[in-house]
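What follows is structure35.txt (compact mmCIF, C-alpha atoms).
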# COMPACT_ATOMS: atom_id res chain seq x y z
CA MET M 55 94.74 63.53 80.84
CA PRO M 56 96.58 66.44 79.30
CA ALA M 57 95.63 68.77 76.53
CA THR M 58 98.05 69.88 73.87
CA ASP M 59 98.28 73.41 75.18
CA THR M 60 99.41 72.26 78.62
CA SER M 61 102.09 69.96 77.23
CA PRO M 62 105.26 71.56 78.54
CA LEU M 63 107.53 69.83 76.09
CA ALA M 64 107.76 71.69 72.84
CA ASP M 65 110.63 70.76 70.63
CA VAL M 66 113.10 72.58 72.85
CA LEU M 67 114.25 69.20 74.18
CA ARG M 68 114.94 67.96 70.66
CA THR M 69 116.85 71.16 69.95
CA ALA M 70 118.87 70.63 73.12
CA GLU M 71 119.72 67.09 72.05
CA ALA M 72 120.69 68.21 68.53
CA TRP M 73 122.85 71.11 69.74
CA ARG M 74 124.65 68.98 72.33
CA GLY M 75 124.97 66.12 69.84
CA SER M 76 126.75 68.43 67.41
CA GLY M 77 129.31 69.28 70.08
CA ARG M 78 127.97 72.60 71.33
CA ALA M 79 128.09 73.42 75.06
CA VAL M 80 124.47 73.58 76.16
CA ALA M 81 122.35 74.45 79.20
CA LEU M 82 118.67 73.73 79.69
CA ALA M 83 116.40 76.04 81.70
CA THR M 84 113.05 74.78 83.05
CA VAL M 85 110.26 76.72 84.77
CA ILE M 86 109.84 74.75 88.01
CA GLU M 87 107.38 76.95 89.88
CA THR M 88 105.06 79.86 89.15
CA TRP M 89 103.00 82.19 91.32
CA GLY M 90 100.33 84.56 90.12
CA SER M 91 99.88 85.22 86.44
CA ALA M 92 103.08 83.75 85.07
CA PRO M 93 103.26 83.76 81.29
CA ARG M 94 104.57 80.22 80.76
CA ALA M 95 103.48 76.98 82.40
CA VAL M 96 105.58 74.94 84.80
CA GLY M 97 107.71 72.62 82.70
CA SER M 98 108.41 75.16 79.92
CA HIS M 99 111.96 75.05 78.61
CA LEU M 100 114.63 77.30 77.19
CA VAL M 101 117.81 75.87 75.70
CA ILE M 102 120.95 77.99 75.59
CA ASP M 103 124.39 77.42 74.05
CA SER M 104 127.71 78.93 75.07
CA ASP M 105 127.45 81.60 72.37
CA GLY M 106 124.18 82.81 73.86
CA ASN M 107 121.95 81.31 71.16
CA PHE M 108 118.64 80.15 72.58
CA GLU M 109 115.35 78.45 71.65
CA GLY M 110 112.08 78.22 73.56
CA SER M 111 110.88 80.43 76.39
CA VAL M 112 110.41 80.54 80.14
CA SER M 113 108.41 83.78 80.17
CA GLY M 114 106.79 86.08 77.68
CA GLY M 115 110.26 87.30 76.82
CA CYS M 116 110.82 89.44 79.92
CA VAL M 117 113.46 87.37 81.72
CA GLU M 118 115.02 85.30 78.91
CA GLY M 119 117.99 87.66 78.74
CA ALA M 120 118.79 87.16 82.42
CA VAL M 121 118.31 83.38 82.15
CA VAL M 122 120.65 83.26 79.16
CA SER M 123 123.41 85.10 81.03
CA GLU M 124 123.00 82.81 84.07
CA ALA M 125 123.05 79.83 81.72
CA LEU M 126 126.46 80.89 80.42
CA ASP M 127 127.75 80.62 84.01
CA VAL M 128 126.12 77.22 84.40
CA ILE M 129 127.80 76.01 81.20
CA GLU M 130 131.11 77.41 82.50
CA THR M 131 130.92 75.86 85.98
CA GLY M 132 128.96 72.71 85.09
CA LYS M 133 126.79 73.28 88.16
CA PRO M 134 122.99 73.65 88.09
CA ALA M 135 121.42 76.82 89.50
CA THR M 136 117.94 77.90 90.55
CA LEU M 137 116.83 81.43 89.65
CA GLU M 138 113.83 83.39 90.78
CA PHE M 139 112.17 86.31 89.02
CA GLY M 140 109.28 88.43 90.11
CA VAL M 141 108.10 91.95 90.68
CA ALA M 142 109.09 91.85 94.33
CA ASP M 143 112.78 91.29 93.89
CA GLU M 144 115.38 93.83 93.09
CA THR M 145 116.40 92.52 89.69
CA ALA M 146 112.79 92.75 88.67
CA TRP M 147 113.27 96.42 88.03
CA GLN M 148 115.65 95.44 85.30
CA VAL M 149 114.17 92.17 84.08
CA GLY M 150 110.86 91.79 85.91
CA LEU M 151 107.73 90.08 84.76
CA SER M 152 105.34 92.66 83.43
CA CYS M 153 102.41 90.42 84.30
CA GLY M 154 103.06 90.71 88.03
CA GLY M 155 103.73 87.00 88.50
CA ARG M 156 106.78 85.26 89.89
CA ILE M 157 108.66 82.31 88.46
CA ARG M 158 111.42 79.95 89.57
CA VAL M 159 113.73 78.58 86.89
CA TYR M 160 116.12 75.64 87.16
CA VAL M 161 119.16 75.86 84.89
CA GLU M 162 121.31 72.79 84.30
CA PRO M 163 124.15 71.89 81.97
CA VAL M 164 123.56 69.19 79.33
CA ILE M 165 126.64 67.00 79.54
CA MET U 204 121.28 66.59 82.31
CA ASP U 205 123.07 63.70 80.77
CA LEU U 206 122.80 63.65 76.97
CA THR U 207 121.86 59.95 76.97
CA LEU U 208 118.98 60.70 79.34
CA LEU U 209 117.81 63.52 77.06
CA THR U 210 118.09 61.24 74.01
CA ASP U 211 116.07 58.53 75.78
CA LEU U 212 113.38 61.04 76.74
CA ASN U 213 113.12 62.36 73.19
CA GLU U 214 112.87 58.82 71.79
CA LEU U 215 109.98 58.06 74.15
CA ARG U 216 108.25 61.28 73.12
CA SER U 217 108.60 60.41 69.43
CA ALA U 218 107.06 56.99 70.10
CA ARG U 219 104.06 58.58 71.92
CA ARG U 220 105.12 56.94 75.19
CA ALA U 221 104.70 58.70 78.52
CA ALA U 222 107.75 59.38 80.71
CA ILE U 223 108.71 61.49 83.70
CA LEU U 224 112.16 62.98 84.25
CA VAL U 225 112.85 63.19 87.98
CA THR U 226 115.36 65.90 88.99
CA GLY U 227 116.68 66.41 92.51
CA LEU U 228 116.82 70.19 92.85
CA GLN U 229 119.48 70.06 95.58
CA ASP U 230 121.92 67.57 94.11
CA GLY U 231 120.96 67.76 90.43
CA ARG U 232 120.60 63.96 90.21
CA GLN U 233 118.23 62.72 87.54
CA ARG U 234 116.44 59.59 86.45
CA LEU U 235 113.83 58.73 83.85
CA VAL U 236 110.63 56.86 84.74
CA ARG U 237 108.59 55.23 81.98
CA ALA U 238 104.83 54.75 82.28
CA GLU U 239 105.22 51.00 81.93
CA ASP U 240 107.86 50.73 84.70
CA ASP U 241 107.01 48.85 87.88
CA LEU U 242 106.52 51.66 90.39
CA SER U 243 105.70 49.52 93.43
CA SER U 244 109.08 50.12 95.11
CA ASP U 245 109.45 53.73 93.97
CA PRO U 246 109.32 56.25 96.84
CA LEU U 247 107.46 58.64 94.52
CA ALA U 248 105.04 56.00 93.19
CA ASP U 249 101.77 57.76 94.08
CA GLU U 250 102.97 61.12 92.82
CA LEU U 251 104.29 59.59 89.59
CA ARG U 252 101.03 57.73 88.92
CA LYS U 253 99.04 60.90 89.52
CA ARG U 254 101.20 62.87 87.14
CA PHE U 255 101.11 60.25 84.39
CA ARG U 256 97.36 60.82 84.45
CA SER U 257 97.35 64.61 84.77
CA GLY U 258 100.31 65.25 82.47
CA LYS U 259 101.32 68.18 84.67
CA SER U 260 104.94 68.93 85.53
CA GLY U 261 105.72 70.23 89.01
CA THR U 262 107.82 70.31 92.16
CA VAL U 263 107.36 67.74 94.94
CA GLU U 264 108.73 67.95 98.47
CA THR U 265 110.45 64.80 99.69
CA ASP U 266 112.48 63.84 102.77
CA SER U 267 115.66 64.30 100.77
CA GLY U 268 114.70 67.73 99.39
CA ASP U 269 112.63 69.15 96.55
CA VAL U 270 112.31 67.14 93.38
CA PHE U 271 111.10 68.45 90.03
CA LEU U 272 109.05 66.17 87.79
CA THR U 273 109.18 66.96 84.07
CA VAL U 274 106.13 65.11 82.83
CA SER U 275 105.92 64.15 79.17
CA VAL U 276 102.70 62.57 77.97
CA PRO U 277 101.53 62.36 74.36
CA ALA U 278 99.17 65.04 73.07
CA PRO U 279 95.55 63.85 73.12
CA ARG U 280 94.43 62.43 69.83
CA LEU U 281 91.01 61.79 68.34
CA VAL U 282 90.55 58.97 65.87
CA ILE U 283 87.22 59.20 64.05
CA ILE U 284 86.07 56.05 62.28
CA GLY U 285 83.89 57.15 59.38
CA ALA U 286 84.25 60.04 56.95
CA VAL U 287 80.58 60.96 57.38
CA HIS U 288 78.65 64.21 57.76
CA ILE U 289 79.07 64.25 61.57
CA SER U 290 82.82 63.88 61.08
CA GLN U 291 82.95 66.86 58.71
CA ALA U 292 81.66 69.00 61.57
CA LEU U 293 83.60 67.21 64.32
CA VAL U 294 87.04 67.56 62.69
CA PRO U 295 87.31 71.38 62.81
CA MET U 296 85.65 71.58 66.25
CA ALA U 297 88.01 69.01 67.73
CA GLU U 298 91.03 70.67 66.16
CA ILE U 299 90.02 74.02 67.65
CA ALA U 300 89.71 72.28 71.03
CA GLY U 301 93.35 71.16 70.71
CA LEU U 302 92.99 67.53 69.65
CA ASP U 303 95.18 65.94 67.04
CA VAL U 304 92.55 64.44 64.69
CA THR U 305 92.63 61.50 62.27
CA VAL U 306 89.66 60.31 60.19
CA ILE U 307 89.69 56.72 58.96
CA ASP U 308 87.29 55.30 56.35
CA PRO U 309 88.03 52.58 53.81
CA ARG U 310 85.05 53.61 51.64
CA THR U 311 86.44 55.68 48.80
CA ALA U 312 83.11 57.43 48.17
CA PHE U 313 83.26 58.93 51.67
CA ALA U 314 86.99 59.33 52.13
CA THR U 315 87.70 62.16 49.73
CA GLU U 316 90.15 65.00 50.16
CA GLU U 317 87.41 67.34 49.00
CA ARG U 318 85.20 66.43 51.96
CA PHE U 319 88.14 66.28 54.39
CA PRO U 320 90.86 68.74 53.38
CA GLY U 321 93.94 69.18 55.52
CA GLY U 322 95.64 65.79 55.44
CA MET U 323 94.00 64.16 58.49
CA LEU U 324 92.14 61.60 56.34
CA ARG U 325 93.18 57.96 55.90
CA GLY U 326 91.27 56.05 53.23
CA ASP U 327 92.19 52.62 54.62
CA TRP U 328 90.78 50.00 56.96
CA PRO U 329 91.33 50.82 60.64
CA GLU U 330 93.19 47.49 60.98
CA ASP U 331 95.84 48.76 58.55
CA VAL U 332 96.09 52.28 59.94
CA PHE U 333 96.57 50.99 63.52
CA LYS U 334 99.55 48.91 62.42
CA GLU U 335 101.46 52.13 61.81
CA ALA U 336 99.78 54.30 64.43
CA PRO U 337 98.53 52.11 67.28
CA LEU U 338 95.89 53.35 69.70
CA ASP U 339 96.92 54.26 73.25
CA ALA U 340 95.61 55.67 76.53
CA TYR U 341 95.98 59.23 75.22
CA THR U 342 93.68 58.59 72.29
CA ALA U 343 89.90 58.98 71.94
CA VAL U 344 88.02 56.85 69.41
CA ALA U 345 84.63 57.80 67.97
CA ALA U 346 83.09 55.24 65.60
CA VAL U 347 80.37 56.78 63.48
CA THR U 348 80.01 54.72 60.28
CA HIS U 349 76.95 52.70 61.41
CA ASP U 350 78.66 49.75 59.70
CA PRO U 351 79.82 46.92 62.01
CA LYS U 352 82.32 45.73 59.39
CA ILE U 353 84.16 49.02 59.83
CA ASP U 354 83.30 50.08 63.42
CA ASP U 355 83.62 46.83 65.40
CA PHE U 356 87.35 46.26 65.13
CA PRO U 357 88.47 49.78 66.13
CA LEU U 358 85.98 49.83 69.03
CA MET U 359 87.27 46.53 70.42
CA GLU U 360 90.84 47.69 69.87
CA ALA U 361 90.07 50.97 71.68
CA LEU U 362 88.73 49.08 74.70
CA GLY U 363 91.70 46.72 74.68
CA THR U 364 94.31 49.49 74.55
CA GLY U 365 92.65 51.67 77.21
CA CYS U 366 91.72 54.64 75.04
CA PHE U 367 90.54 57.45 77.32
CA TYR U 368 87.30 57.78 75.36
CA VAL U 369 85.42 55.20 73.30
CA GLY U 370 82.21 56.35 71.61
CA ALA U 371 79.94 54.46 69.22
CA LEU U 372 77.12 55.85 67.10
CA GLY U 373 73.86 53.93 67.00
CA SER U 374 70.57 53.44 68.80
CA ARG U 375 70.30 51.45 72.02
CA LYS U 376 69.07 48.49 69.96
CA THR U 377 72.02 48.70 67.57
CA HIS U 378 74.36 49.03 70.52
CA GLY U 379 72.83 45.97 72.21
CA LYS U 380 73.54 43.87 69.12
CA ARG U 381 77.04 45.29 69.01
CA LEU U 382 77.73 44.18 72.58
CA GLU U 383 76.45 40.69 71.74
CA ARG U 384 79.01 40.52 68.92
CA PHE U 385 81.78 41.79 71.20
CA GLU U 386 80.96 39.21 73.84
CA ALA U 387 80.93 36.47 71.21
CA ALA U 388 84.34 37.73 70.09
CA GLY U 389 85.63 37.10 73.63
CA LEU U 390 85.73 40.66 74.95
CA ASP U 391 85.35 41.12 78.71
CA PRO U 392 81.81 42.51 79.32
CA ALA U 393 83.23 44.57 82.21
CA LEU U 394 84.72 46.84 79.55
CA PHE U 395 81.36 47.55 77.90
CA LYS U 396 80.38 50.35 80.27
CA ARG U 397 83.36 52.29 78.97
CA ILE U 398 81.60 52.73 75.63
CA ASP U 399 79.74 56.03 75.24
CA ALA U 400 76.57 54.87 73.48
CA PRO U 401 74.33 56.34 72.26
CA ILE U 402 77.24 58.60 71.44
CA GLY U 403 77.69 62.08 72.90
CA LEU U 404 76.31 64.18 75.74
CA ASP U 405 72.56 63.98 76.16
CA ILE U 406 71.78 67.49 74.90
CA GLY U 407 69.10 66.53 72.41
CA ALA U 408 71.46 66.97 69.47
CA ALA U 409 69.55 66.61 66.21
CA SER U 410 71.68 67.71 63.24
CA PRO U 411 75.09 66.22 62.38
CA GLN U 412 76.69 69.47 63.58
CA GLU U 413 74.90 69.28 66.92
CA ILE U 414 75.85 65.62 67.32
CA ALA U 415 79.46 66.67 66.71
CA VAL U 416 79.17 69.15 69.61
CA ALA U 417 77.70 66.42 71.83
CA VAL U 418 80.51 64.01 70.92
CA LEU U 419 83.22 66.61 71.51
CA GLY U 420 81.62 67.45 74.87
CA SER U 421 81.78 63.79 75.87
CA ILE U 422 85.42 63.55 74.81
CA ILE U 423 86.39 66.63 76.84
CA HIS U 424 84.46 65.25 79.81
CA ALA U 425 86.42 61.99 79.58
CA LEU U 426 89.67 63.95 79.25
CA ARG U 427 89.05 66.24 82.22
CA LYS U 428 86.68 64.38 84.51
CA GLY U 429 86.98 60.72 83.54
CA PRO U 430 88.26 58.09 85.97
CA GLU U 431 91.75 58.51 84.56
CA ALA U 432 91.70 62.31 84.57
CA ALA U 433 93.61 64.49 86.99
CA ALA U 434 92.06 65.09 90.37
Entire entry expressed as structure tokens:
Amino acid sequence: MPATDTSPLADVLRTAEAWRGSGRAVALATVIETWGSAPRAVGSHLVIDSDGNFEGSVSGGCVEGAVVSEALDVIETGKPATLEFGVADETAWQVGLSCGGRIRVYVEPVI
Amino acid sequence: MDLTLLTDLNELRSARRAAILVTGLQDGRQRLVRAEDDLSSDPLADELRKRFRSGKSGTVETDSGDVFLTVSVPAPRLVIIGAVHISQALVPMAEIAGLDVTVIDPRTAFATEERFPGGMLRGDWPEDVFKEAPLDAYTAVAAVTHDPKIDDFPLMEALGTGCFYVGALGSRKTHGKRLERFEAAGLDPALFKRIDAPIGLDIGAASPQEIAVAVLGSIIHALRKGPEAAA
């Protein structure tokens, strides 16, 4: 049985539905794996539109920018992508997780 | 994700129905599994059943590649029958613990906004409240009025709908009489052991506030370590 705080589905999914329903081009990002002290639980979502507007979070704010720019590509190509962020990888110096954890994020278009 | 799939998922969430979105991470293919679906021929049946109980999303390795399961189960709810002194202590404690709380009491002397501020109170019969907000497996029911006219129906309903916790206030003698009534009403006696009675953890609770702690402890135990809880 779950507790409220572990429920991964905030209203990001309703936002995604509303944005797409109103004709905006939308991508959905989902945390699919975490290692170490990741700030958001597996199943957390971020919704992004083609203008770079977003709702929700996949981290404490450290990698959202990078996810948003990848999401713009996903919207463009229509193809899902899997991203990884962590202190060990090179991009981490620019957009790393301050907590020292690592996360994997799946980004898919809403069509 | 297909918009119709997303719309379906959101509709299920609004209706407090559990669902799992299955996403193939290699090919991006997706499908939606509802808790009430027949899983017997599903290759992921065991995993899906486990996750409907735990409510945890996660990645699963399969022969055809990794699959991500977005698990959506309703937030746990506590329905307290009886706007009594114990309930006044239990409401804030349960809310702090993360439960979505409703208090139901048809007795207008007890069910006052002054005693229960915050909008969680329903001054109606449980029968009427359940018509709009039915009980489900993600709901705990604690009946604390001491009055069979009010407590019996919601307790039987809680057993029938598989509420994850069913607690009833009253001494062993009172509880024995209650079970006689339930049996006479045609309830399966096999369900009786699911009732937490006398209510709450056996911590020697004496005051209404202490009983509230004992009840909340029992509810969390059922949530985390009950037969339906995650391994």
Practice task
Show me as number ranges by chain the residues that reach within 8 Å of (95.6, 50.7, 71.3), counting all atoms listed in the file and using the file's own coordinates.
Solution key: U: 333, 337-340, 360-366
Exercise for the section: Would you kindly report the residues of chain M within 12 Å of chain U, using only C-alpha atoms, as number ranges by chain? Expected result: M: 55-88, 95-99, 101, 128-129, 132-137, 158-165
Handout entry: CA of Leu126 in chain M to CA of Ile157 in chain M, distance in Å rounded to a single decimal
Key =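 So the two atoms, CA of Leu126 in chain M and CA of Ile157 in chain M, lie 19.6 Å apart.
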Handout entry: Interatomic distance (Å, one decimal) between CA of His424 in chain U and CA of Arg94 in chain M
Key =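 Taking CA of His424 in chain U and CA of Arg94 in chain M, their separation equals 25.1 Å.
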Exercise for the section: Kindly give the distance, in Å, that separates CA of Asp240 in chain U and CA of Ala222 in chain U, rounded to a single decimal. Expected result: 9.5 Å
Practice task
Name the residues in contact with Ala371 in chain U at a cut-off of 9 Å, using only C-alpha atoms, excluding same-chain residues fewer than 4 positions from it; report them as number ranges by chain.
Solution key: U: 344-349, 354, 358, 378, 398-403
